[in-house]
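> I'd like to ask you about the structure that follows.
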Amino acid sequence: MIRPTATPARQNEILAALSPDDYERVHPHLRFAELKQHDVLYEPGAPVPDVCFVESGMVSCVTVMESGRGTETSVVGFEGMTGMAIFHQVPVASDQAIVQAPGTGRFVTAAIFMQLLETCPSLRIKLHRFAYAQYALAAQCSACNRRHSTDKRFARWLLIAQDRIGGSLLPLTHKFLGQMLGVRRSTVTIIAEEFRLAGIIQYRRGSIEIVNREALEKRACECYRAIVAVYKTASSLPPVALSVLN
Ligand SMILES: [Zn+2]
């Protein structure tokens, strides 16, 4: 249920990094909402009604084939915003956005968001950098899917999910992980059991607990570090255009 709120909305990294003037412009239009597991925010081929600055939880961006099977191409957590098609001046989504880990977010209607882009330079700059980081994530995962083994991709995916969800308990099923990695559920079950026996994770119905993060990082491919580096660079730059820095 979407409801207005007067409380500050600074848990999202993009909102937190806005200039004070831009935040004053954006804040009255933010609508607080819970993100419930498996809620679909938009579907491919349909208009994107809102953008959502995610505060907690995790949203998956999924490419859906004609067969109906989906594969995750990127994720959004507290560092980002869903509905990036609107930012790129495209009103219709090419992918599905589905909540994988429940949390909260701040929604802005597509029409209002377009107006805010015109008047909020720090919002534009932060979203350009986030869009680049999202592109880099999708590109790295594309190469990863061709070059790296499923167990390394499994470890990489869990690390990325934990970075966004926080805590050690991830509300994810083997079926979902299979969809996200584009492999059979039985393959995920075999890998998860191997990781469990190695003392890296525990799992029970509907959730996976990371019990040894250091070991998980050692099992992941280089792609995890590459993705983290891009997000770190993109999020640590000040909310001004690069030309101002020179
Ligand atoms: Zn990889």
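Chain lettering (A, B, ...) mirrors the order of the structure tokens, residue numbering begins at 1 for each chain separately, and ligand numbering begins at 1 in order of display.
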Under the rule of at most 12 Å, produce a per-residue listing of chain A near ligand 1: chain, number, name, the closest pair of atoms, and the distance in Å, as CSV, using only C-alpha atoms and all ligand atoms.

```
residue,atom,partner,partner_atom_place_in_ligand_line,distance
A:Leu137,CA,ligand 1,1 (Zn),10.7
A:Ala138,CA,ligand 1,1 (Zn),11.4
A:Ala139,CA,ligand 1,1 (Zn),10.7
A:Gln140,CA,ligand 1,1 (Zn),7.3
A:Cys141,CA,ligand 1,1 (Zn),6.6
A:Ser142,CA,ligand 1,1 (Zn),8.8
A:Ala143,CA,ligand 1,1 (Zn),7.1
A:Cys144,CA,ligand 1,1 (Zn),3.7
A:Asn145,CA,ligand 1,1 (Zn),6.8
A:Arg146,CA,ligand 1,1 (Zn),8.5
A:Arg147,CA,ligand 1,1 (Zn),6.8
A:His148,CA,ligand 1,1 (Zn),5.0
A:Ser149,CA,ligand 1,1 (Zn),7.7
A:Thr150,CA,ligand 1,1 (Zn),9.0
A:Asp151,CA,ligand 1,1 (Zn),9.9
A:Lys152,CA,ligand 1,1 (Zn),6.6
A:Arg153,CA,ligand 1,1 (Zn),5.7
A:Phe154,CA,ligand 1,1 (Zn),9.4
A:Ala155,CA,ligand 1,1 (Zn),9.4
A:Arg156,CA,ligand 1,1 (Zn),7.1
A:Trp157,CA,ligand 1,1 (Zn),9.4
A:Ile160,CA,ligand 1,1 (Zn),11.9
A:Leu181,CA,ligand 1,1 (Zn),11.6
A:Glu217,CA,ligand 1,1 (Zn),12.0
A:Arg219,CA,ligand 1,1 (Zn),10.6
A:Ala220,CA,ligand 1,1 (Zn),7.4
A:Cys221,CA,ligand 1,1 (Zn),4.6
A:Glu222,CA,ligand 1,1 (Zn),5.7
A:Cys223,CA,ligand 1,1 (Zn),4.3
A:Tyr224,CA,ligand 1,1 (Zn),6.9
A:Arg225,CA,ligand 1,1 (Zn),9.5
A:Ala226,CA,ligand 1,1 (Zn),9.1
A:Ile227,CA,ligand 1,1 (Zn),9.8
```
> Grab the residues selected above and save them as a compact mmCIF listing (two decimals), in the first residue's frame with C-alpha atoms.

```txt
# COMPACT_ATOMS: atom_id res chain seq x y z
CA LEU A 137 27.02 -5.12 -14.08
CA ALA A 138 25.01 -6.50 -17.01
CA ALA A 139 28.10 -6.54 -19.25
CA GLN A 140 30.23 -8.27 -16.61
CA CYS A 141 27.48 -10.86 -15.98
CA SER A 142 27.17 -11.45 -19.73
CA ALA A 143 30.88 -12.27 -19.94
CA CYS A 144 30.69 -14.21 -16.66
CA ASN A 145 27.90 -16.42 -17.99
CA ARG A 146 30.10 -17.42 -20.93
CA ARG A 147 33.41 -17.83 -19.14
CA HIS A 148 32.88 -18.89 -15.54
CA SER A 149 31.54 -22.05 -13.95
CA THR A 150 28.13 -22.19 -12.30
CA ASP A 151 29.56 -22.63 -8.79
CA LYS A 152 31.65 -19.45 -9.15
CA ARG A 153 28.61 -17.57 -10.53
CA PHE A 154 26.53 -18.91 -7.62
CA ALA A 155 29.06 -17.48 -5.14
CA ARG A 156 29.24 -14.18 -7.03
CA TRP A 157 25.45 -13.88 -7.06
CA ILE A 160 25.94 -9.29 -4.70
CA LEU A 181 21.43 -17.96 -12.83
CA GLU A 217 34.46 -14.49 -1.56
CA ARG A 219 34.84 -19.20 -4.20
CA ALA A 220 33.48 -16.33 -6.35
CA CYS A 221 34.95 -15.40 -9.71
CA GLU A 222 36.75 -12.11 -10.38
CA CYS A 223 33.48 -10.63 -11.63
CA TYR A 224 32.29 -9.87 -8.10
CA ARG A 225 35.29 -7.63 -7.39
CA ALA A 226 34.94 -5.95 -10.81
CA ILE A 227 31.26 -5.14 -10.19
```
> Using only C-alpha atoms, which residues sit within 9 Å of Gly70 of chain A once same-chain residues fewer than 4 positions away are excluded, as a PyMOL selection string?
chain A and resi 62-65+96+179-180+182
> Could you save the residues just selected, with C-alpha atoms, as a PDB file, in the first residue's frame?

```
ATOM      1  CA  VAL A  62      14.569 -10.074 -15.409  1.00  0.00           C
ATOM      2  CA  THR A  63      14.678 -10.694 -19.150  1.00  0.00           C
ATOM      3  CA  VAL A  64      11.702 -12.896 -20.040  1.00  0.00           C
ATOM      4  CA  MET A  65      11.830 -15.236 -23.058  1.00  0.00           C
ATOM      5  CA  GLN A  96      10.412  -7.298 -15.700  1.00  0.00           C
ATOM      6  CA  GLN A 179      15.990 -18.751 -12.573  1.00  0.00           C
ATOM      7  CA  MET A 180      18.381 -15.973 -11.694  1.00  0.00           C
ATOM      8  CA  GLY A 182      19.667 -19.445 -15.844  1.00  0.00           C
TER       9      GLY A 182
END
```
> Fewer than 6 positions away in the same chain doesn't count, so skip those; otherwise give me all residues within 8 Å of segment 112-121 of chain A, counting only C-alpha atoms, as JSON, numbers by chain.
{"A": [22, 25, 26, 29, 51, 86, 87, 240]}
> Could you list, with a cut-off of 12 Å and counting only C-alpha atoms, the residues of segment 65-153 of chain A near segment 167-176 of chain A, each shown with its nearest atom pair and the distance in Å rounded to one decimal, rows sorted by chain and ascending number, as a Markdown table?

```
| residue | atom | partner | partner_atom | distance |
| --- | --- | --- | --- | --- |
| A:Arg69 | CA | A:Phe176 | CA | 11.3 |
| A:Gly70 | CA | A:Phe176 | CA | 10.0 |
| A:Thr71 | CA | A:Phe176 | CA | 9.7 |
| A:Glu72 | CA | A:Phe176 | CA | 9.9 |
| A:Ile98 | CA | A:Phe176 | CA | 11.4 |
| A:Val99 | CA | A:Pro171 | CA | 11.0 |
| A:Gln100 | CA | A:Leu172 | CA | 7.3 |
| A:Ala101 | CA | A:Pro171 | CA | 6.0 |
| A:Pro102 | CA | A:Pro171 | CA | 8.4 |
| A:Gly103 | CA | A:Pro171 | CA | 11.3 |
```
> Between atom CA of Thr233 of chain A and atom CA of Phe78 of chain A, what distance in Å does the model show, to one decimal?
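About the pair atom CA of Thr233 of chain A and atom CA of Phe78 of chain A: they are 16.1 Å apart.
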> Would you mind reading off the distance between atom CA of Gly77 of chain A and atom CA of Met58 of chain A, one decimal, in Å?
4.7 Å
> If you run DSSP on the backbone here, which positions in segment 102-142 of chain A get strand (DSSP E)? Please write them as a PyMOL selection string.
chain A and resi 103-109
> Emit the selected residues as a CSV table (one decimal), in the first residue's frame, including N, CA, C and O atoms.

```csv
chain,number,residue,atom,x,y,z
A,103,GLY,N,11.3,-5.4,1.3
A,103,GLY,CA,11.8,-4.2,1.9
A,103,GLY,C,10.9,-3.1,1.7
A,103,GLY,O,9.7,-3.2,1.7
A,104,THR,N,11.5,-1.9,1.6
A,104,THR,CA,10.7,-0.7,1.4
A,104,THR,C,11.4,0.2,0.3
A,104,THR,O,12.5,0.0,0.0
A,105,GLY,N,10.6,1.1,-0.2
A,105,GLY,CA,11.1,2.0,-1.3
A,105,GLY,C,10.3,3.3,-1.3
A,105,GLY,O,9.2,3.4,-0.6
A,106,ARG,N,10.8,4.3,-2.1
A,106,ARG,CA,10.1,5.6,-2.3
A,106,ARG,C,9.8,5.7,-3.7
A,106,ARG,O,10.7,5.7,-4.6
A,107,PHE,N,8.5,5.8,-4.0
A,107,PHE,CA,8.0,5.8,-5.4
A,107,PHE,C,7.8,7.3,-5.9
A,107,PHE,O,7.4,8.1,-5.1
A,108,VAL,N,8.0,7.5,-7.2
A,108,VAL,CA,7.6,8.8,-7.8
A,108,VAL,C,7.0,8.4,-9.1
A,108,VAL,O,7.5,7.5,-9.9
A,109,THR,N,5.8,9.0,-9.5
A,109,THR,CA,5.2,8.7,-10.7
A,109,THR,C,6.1,9.1,-11.9
A,109,THR,O,6.9,10.0,-11.8
```
> If you measure from atom CA of Ile190 of chain A to atom CA of Asp95 of chain A, what distance in Å do you get, rounded to one decimal?
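Atom CA of Asp95 of chain A lies at a distance of 29.2 Å from atom CA of Ile190 of chain A.
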> What lies within 9 Å of Gln202 of chain A using only C-alpha atoms, ignoring chain neighbours under 6 positions off, as a list in words?
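My reading of the contact set: Ala192, Glu193, Phe195, Arg196, Ile208, Glu209, Ile210 and Val211 of chain A.
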> Go ahead and write the residues just picked, N, CA and C atoms, as a compact mmCIF listing (two decimals), in the first residue's frame.

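Output (result.txt):
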```txt
# COMPACT_ATOMS: atom_id res chain seq x y z
N ALA A 192 24.61 -25.87 -3.92
CA ALA A 192 24.30 -25.40 -2.56
C ALA A 192 24.72 -26.44 -1.53
N GLU A 193 24.50 -27.70 -1.84
CA GLU A 193 24.89 -28.76 -0.90
C GLU A 193 26.41 -28.80 -0.73
N PHE A 195 28.44 -26.26 -1.05
CA PHE A 195 28.79 -25.09 -0.25
C PHE A 195 28.43 -25.32 1.22
N ARG A 196 27.31 -26.01 1.45
CA ARG A 196 26.89 -26.28 2.83
C ARG A 196 27.91 -27.20 3.50
N ILE A 208 18.53 -18.78 2.41
CA ILE A 208 19.93 -19.21 2.45
C ILE A 208 20.65 -18.31 3.44
N GLU A 209 21.44 -18.91 4.32
CA GLU A 209 22.22 -18.13 5.29
C GLU A 209 23.70 -18.25 4.94
N ILE A 210 24.33 -17.09 4.82
CA ILE A 210 25.78 -17.08 4.56
C ILE A 210 26.48 -17.13 5.91
N VAL A 211 27.22 -18.20 6.17
CA VAL A 211 27.86 -18.35 7.48
C VAL A 211 29.37 -18.09 7.41
```
> Name the residues in contact with Val76 of chain A at a cut-off of 9 Å, using only C-alpha atoms, excluding same-chain residues fewer than 5 positions from it; report them as a PyMOL selection string.
chain A and resi 54+57-61+81-82+134+164
> Using only C-alpha atoms, can you tell me which of A:Val183, A:Phe130, A:Leu123, A:Leu41 comes closest to Glu24 of chain A?
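Going through A:Val183, A:Phe130, A:Leu123, A:Leu41 one by one, the smallest distance to Glu24 of chain A is for A:Leu123.
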> DSSP on the backbone: what in segment 186-232 of chain A comes out helix (DSSP H, G or I), as a PyMOL selection string?
chain A and resi 186-197+213-219+222-232
> Using only C-alpha atoms, find the one residue out of A:Pro91, A:Pro28, A:Pro20, A:Gly178 that sits nearest to Pro44 of chain A.
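For Pro44 of chain A, the nearest of the given residues is A:Pro91.
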> Select, from A:Ser207, A:Gln37, A:Ser56, A:Thr187, the residue with the minimum atom-to-atom distance to Glu13 of chain A, counting only C-alpha atoms.
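Using only C-alpha atoms, the shortest distance to Glu13 of chain A belongs to A:Ser56.
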